[in-house]
$ cat target.csv   # CSV, C-alpha atoms
chain,number,residue,atom,x,y,z
R,1,MET,CA,16.8,21.6,-3.7
R,2,ILE,CA,15.1,24.1,-1.4
R,3,THR,CA,16.7,24.5,2.0
R,4,ARG,CA,14.9,25.5,5.1
R,5,GLY,CA,16.9,28.7,5.4
R,6,GLU,CA,15.2,31.8,6.9
R,7,PRO,CA,15.6,34.2,3.9
R,8,LEU,CA,13.9,31.8,1.5
R,9,ALA,CA,10.8,31.3,3.7
R,10,GLY,CA,9.0,34.3,2.3
R,11,LEU,CA,9.7,33.2,-1.3
R,12,THR,CA,8.4,29.7,-1.0
R,13,CYS,CA,5.2,28.9,-2.9
R,14,ASP,CA,2.5,28.0,-0.4
R,15,GLN,CA,1.0,25.3,-2.5
R,16,MET,CA,4.2,23.4,-2.9
R,17,VAL,CA,4.8,23.6,0.9
R,18,THR,CA,1.4,22.1,1.6
R,19,TYR,CA,2.0,19.4,-1.0
R,20,PHE,CA,5.3,18.4,0.6
R,21,GLU,CA,3.8,18.5,4.0
R,22,ALA,CA,0.9,16.2,3.0
R,23,VAL,CA,2.8,13.6,1.0
R,24,PRO,CA,5.4,11.5,2.9
R,25,ASP,CA,8.2,11.9,0.5
R,26,ASP,CA,11.5,10.1,0.1
R,27,ASP,CA,13.3,12.6,2.3
R,28,ARG,CA,11.1,11.9,5.3
R,29,VAL,CA,11.5,8.1,4.8
R,30,PHE,CA,15.3,8.3,4.5
R,31,LYS,CA,15.5,10.6,7.6
R,32,ALA,CA,13.3,8.3,9.6
R,33,LEU,CA,15.4,5.3,8.7
R,34,ALA,CA,18.6,7.1,9.5
R,35,ASP,CA,18.4,6.3,13.2
R,36,PRO,CA,19.1,3.0,14.9
R,37,THR,CA,16.3,3.3,17.5
R,38,ARG,CA,13.7,3.9,14.8
R,39,ARG,CA,15.0,1.0,12.7
R,40,PHE,CA,14.8,-1.1,15.9
R,41,LEU,CA,11.1,0.0,16.4
R,42,LEU,CA,10.4,-1.0,12.8
R,43,ASP,CA,12.0,-4.4,13.4
R,44,LEU,CA,9.9,-4.8,16.5
R,45,LEU,CA,6.7,-4.1,14.5
R,46,PHE,CA,7.9,-6.4,11.7
R,47,ALA,CA,8.2,-9.2,14.2
R,48,ARG,CA,4.8,-8.5,15.7
R,49,ASP,CA,2.5,-5.8,14.5
R,50,GLY,CA,-0.3,-3.9,16.2
R,51,ARG,CA,1.6,-3.0,19.4
R,52,THR,CA,0.8,-0.3,22.0
R,53,LEU,CA,3.3,2.4,23.1
R,54,THR,CA,3.7,0.6,26.4
R,55,GLU,CA,4.6,-2.7,24.7
R,56,LEU,CA,7.2,-1.0,22.5
R,57,GLU,CA,8.6,1.0,25.3
R,58,SER,CA,9.3,-2.1,27.3
R,59,GLU,CA,11.7,-3.3,24.7
R,60,LEU,CA,13.8,-0.1,24.8
R,61,GLU,CA,16.1,1.5,27.4
R,62,MET,CA,14.4,4.8,26.8
R,63,SER,CA,11.9,7.2,28.3
R,64,ARG,CA,8.3,7.0,27.2
R,65,PHE,CA,8.6,10.5,25.8
R,66,GLY,CA,11.7,9.5,23.8
R,67,VAL,CA,9.9,6.5,22.2
R,68,MET,CA,6.9,8.6,21.4
R,69,LYS,CA,9.1,11.1,19.7
R,70,HIS,CA,10.7,8.4,17.5
R,71,LEU,CA,7.2,6.9,16.7
R,72,ARG,CA,6.0,10.3,15.6
R,73,VAL,CA,8.9,10.7,13.2
R,74,LEU,CA,8.1,7.2,11.8
R,75,GLU,CA,4.4,8.1,11.6
R,76,GLU,CA,5.1,11.3,9.7
R,77,ALA,CA,7.2,9.4,7.2
R,78,GLY,CA,4.3,7.0,6.7
R,79,LEU,CA,6.3,4.1,8.0
R,80,VAL,CA,4.1,3.6,11.0
R,81,VAL,CA,0.3,3.8,10.9
R,82,THR,CA,-1.7,3.9,14.2
R,83,ARG,CA,-5.2,2.6,14.7
R,84,ARG,CA,-7.5,2.8,17.6
R,85,SER,CA,-8.8,-0.4,19.1
R,86,GLY,CA,-11.1,0.3,22.0
R,87,ARG,CA,-9.1,2.4,24.4
R,88,GLU,CA,-5.8,1.3,22.9
R,89,LYS,CA,-3.7,3.0,20.2
R,90,LEU,CA,-2.0,0.3,18.1
R,91,HIS,CA,1.1,0.8,16.0
R,92,PHE,CA,1.4,-1.0,12.6
R,93,LEU,CA,4.3,-1.1,10.3
R,94,ASN,CA,3.4,0.3,6.9
R,95,PRO,CA,5.8,-1.2,4.3
R,96,VAL,CA,4.5,0.8,1.3
R,97,PRO,CA,6.9,3.8,1.5
R,98,ILE,CA,9.9,1.4,1.6
R,99,ARG,CA,8.5,-0.5,-1.4
R,100,LEU,CA,8.1,2.8,-3.3
R,101,ILE,CA,11.7,3.7,-2.5
R,102,HIS,CA,12.8,0.2,-3.5
R,103,ASP,CA,11.0,0.7,-6.9
R,104,ARG,CA,12.4,4.2,-7.3
R,105,TRP,CA,16.0,3.6,-6.2
R,106,ILE,CA,16.8,-0.1,-6.2
R,107,ASP,CA,14.9,-1.8,-9.0
R,108,LYS,CA,16.4,0.7,-11.4
R,109,TYR,CA,20.0,-0.4,-10.6
R,110,THR,CA,19.3,-4.1,-10.2
R,111,GLU,CA,17.5,-4.2,-13.5
R,112,ARG,CA,20.5,-2.7,-15.2
R,113,HIS,CA,22.7,-5.2,-13.4
R,114,ALA,CA,20.4,-8.0,-14.5
R,115,SER,CA,20.3,-6.9,-18.1
R,116,ALA,CA,24.1,-6.4,-18.2
R,117,LEU,CA,24.4,-10.1,-17.1
R,118,ALA,CA,21.9,-11.1,-19.7
R,119,ASP,CA,23.9,-9.3,-22.4
R,120,LEU,CA,27.1,-10.9,-21.2
R,121,LYS,CA,25.5,-14.3,-21.3
R,122,ALA,CA,24.2,-13.7,-24.8
R,123,GLU,CA,27.7,-12.6,-25.9
R,124,LEU,CA,29.4,-15.6,-24.4
R,125,GLU,CA,27.0,-18.0,-25.9
R,126,GLU,CA,27.3,-16.5,-29.4
J,1,MET,CA,-6.1,-7.1,20.6
J,2,ALA,CA,-4.8,-7.3,17.1
J,3,GLY,CA,-1.3,-8.6,17.7
J,4,THR,CA,-0.4,-12.3,17.9
J,5,THR,CA,2.0,-14.3,20.0
J,6,ASP,CA,3.4,-16.7,17.4
J,7,GLY,CA,5.1,-14.1,15.2
J,8,THR,CA,2.5,-14.1,12.5
J,9,ARG,CA,1.1,-10.8,11.6
J,10,THR,CA,-2.7,-11.2,11.9
J,11,VAL,CA,-3.7,-7.7,10.9
J,12,GLN,CA,-1.8,-6.1,8.1
J,13,VAL,CA,-2.0,-2.3,7.5
J,14,HIS,CA,-0.9,-0.8,4.3
J,15,GLN,CA,-1.3,2.9,3.6
J,16,VAL,CA,-0.5,5.1,0.7
J,17,SER,CA,-1.0,8.8,-0.1
J,18,ILE,CA,-2.3,9.4,-3.6
J,19,ARG,CA,-2.8,12.7,-5.5
J,20,ALA,CA,-6.3,11.8,-6.6
J,21,THR,CA,-9.9,12.3,-5.4
J,22,PRO,CA,-11.5,9.8,-3.1
J,23,GLU,CA,-14.0,9.1,-5.9
J,24,ALA,CA,-11.2,8.2,-8.3
J,25,ILE,CA,-9.7,5.8,-5.7
J,26,TRP,CA,-13.1,4.2,-5.0
J,27,GLU,CA,-13.6,3.6,-8.7
J,28,ALA,CA,-10.1,2.2,-9.1
J,29,ILE,CA,-10.9,-0.4,-6.4
J,30,THR,CA,-14.4,-1.3,-7.4
J,31,ARG,CA,-14.6,-1.1,-11.2
J,32,PRO,CA,-13.3,-4.0,-13.4
J,33,GLU,CA,-11.7,-1.7,-16.0
J,34,TRP,CA,-9.5,-0.2,-13.3
J,35,ALA,CA,-8.6,-3.4,-11.4
J,36,GLU,CA,-7.1,-4.8,-14.6
J,37,ARG,CA,-4.6,-2.1,-14.7
J,38,TYR,CA,-2.6,-2.6,-11.5
J,39,GLY,CA,-1.6,-5.2,-9.0
J,40,TYR,CA,-2.7,-8.7,-9.9
J,41,ARG,CA,-4.4,-7.4,-13.0
J,42,THR,CA,-7.5,-9.3,-12.3
J,43,PRO,CA,-10.9,-7.9,-13.3
J,44,VAL,CA,-13.1,-7.6,-10.2
J,45,GLU,CA,-16.9,-7.9,-10.0
J,46,TYR,CA,-18.5,-6.2,-7.1
J,47,GLU,CA,-22.2,-6.2,-6.0
J,48,LEU,CA,-21.9,-3.1,-4.0
J,49,ARG,CA,-24.4,-3.8,-1.2
J,50,PRO,CA,-24.1,-5.6,2.1
J,51,GLY,CA,-24.3,-9.3,1.4
J,52,GLY,CA,-23.4,-8.8,-2.3
J,53,THR,CA,-20.8,-11.0,-3.9
J,54,TYR,CA,-17.2,-10.1,-4.8
J,55,LYS,CA,-15.2,-11.9,-7.4
J,56,ALA,CA,-11.7,-11.4,-8.7
J,57,LEU,CA,-11.3,-13.2,-12.0
J,58,ALA,CA,-8.1,-15.1,-12.6
J,59,SER,CA,-5.6,-13.7,-15.1
J,60,ALA,CA,-4.2,-16.0,-17.8
J,61,GLU,CA,-1.1,-16.2,-15.8
J,62,MET,CA,-3.0,-17.4,-12.7
J,63,LYS,CA,-4.9,-19.9,-14.7
J,64,ALA,CA,-1.7,-21.3,-16.1
J,65,MET,CA,-0.6,-21.9,-12.5
J,66,GLY,CA,-3.8,-23.8,-11.8
J,67,SER,CA,-6.2,-21.1,-10.5
J,68,PRO,CA,-9.9,-21.6,-11.2
J,69,ASP,CA,-11.7,-18.9,-13.2
J,70,VAL,CA,-12.6,-17.0,-10.0
J,71,ALA,CA,-9.3,-16.5,-8.2
J,72,VAL,CA,-10.7,-14.6,-5.1
J,73,GLU,CA,-14.1,-15.0,-3.7
J,74,GLY,CA,-15.8,-12.7,-1.1
J,75,THR,CA,-18.9,-11.1,0.3
J,76,VAL,CA,-19.4,-7.4,0.7
J,77,ILE,CA,-20.1,-6.4,4.3
J,78,GLU,CA,-20.2,-2.6,4.4
J,79,VAL,CA,-20.4,0.0,1.5
J,80,ASP,CA,-20.0,3.7,2.1
J,81,PRO,CA,-18.7,5.3,-1.2
J,82,PRO,CA,-16.2,6.8,-1.5
J,83,ARG,CA,-15.0,6.4,2.1
J,84,ARG,CA,-15.2,2.8,3.3
J,85,LEU,CA,-15.6,-0.7,1.9
J,86,VAL,CA,-15.5,-3.8,4.1
J,87,GLN,CA,-15.6,-7.3,2.6
J,88,THR,CA,-14.5,-10.8,3.1
J,89,TRP,CA,-11.6,-12.0,0.9
J,90,HIS,CA,-10.8,-15.6,0.2
J,91,PRO,CA,-8.2,-16.4,-2.4
J,92,VAL,CA,-8.8,-19.8,-3.9
J,93,TRP,CA,-6.1,-19.6,-6.5
J,94,ASP,CA,-4.2,-22.4,-4.9
J,95,ALA,CA,-5.0,-25.3,-2.7
J,96,GLU,CA,-3.2,-23.9,0.4
J,97,THR,CA,-5.0,-20.6,0.4
J,98,SER,CA,-8.4,-22.3,-0.3
J,99,ALA,CA,-7.9,-24.4,2.8
J,100,GLU,CA,-7.4,-21.3,5.0
J,101,PRO,CA,-10.2,-19.4,6.6
J,102,VAL,CA,-11.9,-16.4,4.9
J,103,THR,CA,-10.0,-13.1,5.6
J,104,ARG,CA,-11.5,-9.7,6.1
J,105,LEU,CA,-10.5,-6.7,4.1
J,106,THR,CA,-11.3,-3.0,4.9
J,107,TYR,CA,-10.5,-0.1,2.6
J,108,GLU,CA,-10.5,3.4,4.1
J,109,ILE,CA,-10.3,6.4,1.9
J,110,GLU,CA,-9.6,9.7,3.7
J,111,PRO,CA,-9.3,13.0,1.8
J,112,GLY,CA,-6.4,15.2,3.0
J,113,GLU,CA,-5.0,18.6,2.0
J,114,SER,CA,-4.1,19.8,-1.5
J,115,GLY,CA,-5.9,17.0,-3.3
J,116,VAL,CA,-3.9,14.2,-1.6
J,117,THR,CA,-6.0,11.3,-0.4
J,118,LYS,CA,-5.0,8.6,2.0
J,119,LEU,CA,-5.9,5.1,1.2
J,120,THR,CA,-5.5,2.5,4.0
J,121,VAL,CA,-6.0,-1.2,3.5
J,122,ILE,CA,-6.6,-3.1,6.7
J,123,HIS,CA,-6.4,-6.9,6.1
J,124,ASP,CA,-7.3,-9.2,8.9
J,125,VAL,CA,-5.5,-12.4,8.0
J,126,THR,CA,-6.0,-14.2,11.3
J,127,ASP,CA,-5.3,-17.9,11.0
J,128,ALA,CA,-4.5,-17.6,7.3
J,129,PRO,CA,-0.6,-17.6,7.3
J,130,ARG,CA,-0.3,-18.5,3.6
J,131,VAL,CA,-2.6,-15.7,2.6
J,132,ALA,CA,-0.7,-13.4,5.0
J,133,ALA,CA,2.6,-14.3,3.5
J,134,GLN,CA,1.3,-13.7,0.0
J,135,VAL,CA,-0.4,-10.3,0.6
J,136,GLY,CA,2.5,-9.3,2.8
J,137,GLY,CA,4.8,-9.6,-0.2
J,138,GLU,CA,6.9,-12.2,1.5
J,139,ILE,CA,6.7,-14.8,-1.3
J,140,PRO,CA,9.0,-14.0,-4.3
J,141,GLY,CA,7.2,-14.1,-7.6
J,142,ALA,CA,3.7,-13.9,-6.0
J,143,GLY,CA,3.1,-10.3,-7.1
J,144,GLY,CA,4.6,-8.3,-4.2
J,145,GLY,CA,1.4,-8.2,-2.2
J,146,TRP,CA,-0.4,-5.0,-1.0
J,147,SER,CA,2.8,-2.9,-1.1
J,148,ALA,CA,3.3,-3.5,-4.8
J,149,GLN,CA,-0.5,-3.2,-5.5
J,150,LEU,CA,-0.8,0.1,-3.8
J,151,GLY,CA,2.4,1.5,-5.3
J,152,GLU,CA,1.1,0.6,-8.8
J,153,LEU,CA,-2.3,2.0,-8.0
J,154,ARG,CA,-0.8,5.3,-7.0
J,155,ALA,CA,1.4,5.4,-10.1
J,156,LEU,CA,-1.7,4.6,-12.3
J,157,LEU,CA,-4.0,7.2,-10.7
J,158,GLU,CA,-1.4,9.9,-10.6
J,159,ALA,CA,-0.6,9.3,-14.3
J,160,ALA,CA,-4.3,9.3,-15.2
J,161,GLY,CA,-4.8,12.5,-13.2
J,162,ASN,CA,-1.9,14.2,-14.9
J,163,SER,CA,-3.0,13.2,-18.4
J,164,ALA,CA,-6.6,14.4,-17.6
J,165,ALA,CA,-5.2,17.7,-16.2
J,166,GLY,CA,-3.1,18.1,-19.3
J,167,SER,CA,-5.9,17.7,-21.8
J,168,SER,CA,-8.2,20.5,-22.7
J,169,ALA,CA,-11.2,18.3,-22.1
J,170,ALA,CA,-10.4,17.9,-18.4
J,171,GLY,CA,-13.9,18.2,-17.1
J,172,ASN,CA,-14.8,17.6,-13.5
J,173,GLY,CA,-11.7,15.7,-12.7
J,174,ALA,CA,-13.1,12.4,-13.8
J,175,VAL,CA,-10.4,10.1,-15.1
J,176,THR,CA,-10.5,6.9,-17.0
J,177,PRO,CA,-7.9,4.2,-17.3
J,178,ASP,CA,-7.9,4.5,-21.0
J,179,GLY,CA,-6.1,7.9,-20.9
J,180,VAL,CA,-3.1,6.4,-19.3
J,181,GLN,CA,0.0,5.8,-21.4
J,182,GLU,CA,2.1,4.0,-18.8
J,183,ALA,CA,1.8,3.3,-15.2
J,184,GLY,CA,3.2,1.1,-12.5
J,185,ARG,CA,6.8,1.7,-13.7
$ encode --input "target.csv" --output "structure tokens"
Amino acid sequence: MITRGEPLAGLTCDQMVTYFEAVPDDDRVFKALADPTRRFLLDLLFARDGRTLTELESELEMSRFGVMKHLRVLEEAGLVVTRRSGREKLHFLNPVPIRLIHDRWIDKYTERHASALADLKAELEE
Amino acid sequence: MAGTTDGTRTVQVHQVSIRATPEAIWEAITRPEWAERYGYRTPVEYELRPGGTYKALASAEMKAMGSPDVAVEGTVIEVDPPRRLVQTWHPVWDAETSAEPVTRLTYEIEPGESGVTKLTVIHDVTDAPRVAAQVGGEIPGAGGGWSAQLGELRALLEAAGNSAAGSSAAGNGAVTPDGVQEAGR
């Protein structure tokens, strides 16, 4: 795994860097989720989507700037998508990155669990 | 204002970044041979002009559950290949969704850096809570909704792109679903 250490910066392949910048990868999603305020913001959007910054801000004991910062992290991770509607900027929850993580990290283990149970059942019924 | 007051999500936004050209994504959405390879695995028939009809044909599995031959009906509203497609979308695969109003679906395809393209699906499901729950992936066993569809679409297109890039006959980047060994896993 490449670290963001200074000495390595000159050796990093440009193309790879651009790729990782452009594609919201698992790291960004996990980092975005590793904060209670950001998870709370996602829960707010899950309950009701398409909210403005002002609406979201009113639910939190936090400065407008602070909320904006958290929303930016969520947006960079692909978890929040913004759309313009007239003069307003609306925030939507994008569940796709979580689904992809689920497929990559959770299905794998639950499937094994399920197949182990199926094997056990088959064995017991023999 | 897109939000609602009763807790129902009336506009759903799903977005995915795919390492594929906008053209490849456009084809995967609008051509029947692609649409059979991901998501609900239903061949689609598009008349790609404003006012044209859209049909998603029921899979054997859907028919077994009582769906008519055409599972989703719609009308094309706006066509701007390979960037934007707007249509109505009315699933008639069960009595409940049939009874709900017609929904509106927008696909936006936006090229980004390094061959990564952003696909955004905006689904206005106002007053159609049953459809909203299904496409929102909230109903177990109903296919996982847009999240699952877009995840599978990405896997399919990236696998097709990789196999095209790997073959010596990789021409202008055109990919076909036939070249794919496995996708969606």
$ closest_atom_pairs --input "target.csv" --of "chain R" --to "chain J" --cutoff "6 Å" --atoms "all atoms listed in the file" --output "Markdown table"
| residue | atom | partner | partner_atom | distance |
| --- | --- | --- | --- | --- |
| R:Ala47 | CA | J:Gly7 | CA | 5.9 |
| R:Arg48 | CA | J:Gly7 | CA | 5.6 |
| R:Asp49 | CA | J:Gly3 | CA | 5.7 |
| R:Gly50 | CA | J:Gly3 | CA | 5.0 |
| R:Asn94 | CA | J:His14 | CA | 5.1 |
| R:Val96 | CA | J:Ser147 | CA | 4.7 |
$ atom_distance --input "target.csv" --atom1 "atom CA of Phe30 of chain R" --atom2 "atom CA of Leu71 of chain R"
14.7 Å
$ atom_distance --input "target.csv" --atom1 "atom CA of Leu33 of chain R" --atom2 "atom CA of Met68 of chain R"
15.6 Å
$ closest_residue --input "target.csv" --among "J:Val44, J:Val102, J:Val72, J:Ala20" --to "Pro129 of chain J" --atoms "all atoms listed in the file"
J:Val102
$ residues_around --input "target.csv" --residues "Met65 of chain J" --least-positions-apart "6" --cutoff "10 Å" --atoms "only C-alpha atoms" --output "number ranges by chain"
J: 59, 93-94
$ atom_distance --input "target.csv" --atom1 "atom CA of Thr97 of chain J" --atom2 "atom CA of Trp34 of chain J"
25.0 Å
$ residues_around --input "target.csv" --residues "Ile25 of chain J" --least-positions-apart "2" --cutoff "8 Å" --atoms "only C-alpha atoms" --output "PyMOL selection string"
chain J and resi 20-23+27-29+82+109+119+157
$ closest_residue --input "target.csv" --among "J:Ala160, J:Leu153, J:Val92, J:Val131" --to "Arg37 of chain J" --atoms "only C-alpha atoms"
J:Leu153
$ residues_near_point --input "target.csv" --point "(15.1, 0.4, 12.7)" --cutoff "12 Å" --atoms "all atoms listed in the file" --output "VMD selection string"
chain R and resid 29 to 47 70 to 71 74 79 to 80 93
$ residues_near_point --input "target.csv" --point "(-1.7, -14.2, -6.1)" --cutoff "7 Å" --atoms "only C-alpha atoms" --output "compact mmCIF listing (two decimals) with C-alpha atoms, keeping the file's coordinate frame"
# COMPACT_ATOMS: atom_id res chain seq x y z
CA TYR J 40 -2.70 -8.70 -9.90
CA TRP J 93 -6.10 -19.60 -6.50
CA GLN J 134 1.30 -13.70 0.00
CA ALA J 142 3.70 -13.90 -6.00
CA GLY J 143 3.10 -10.30 -7.10
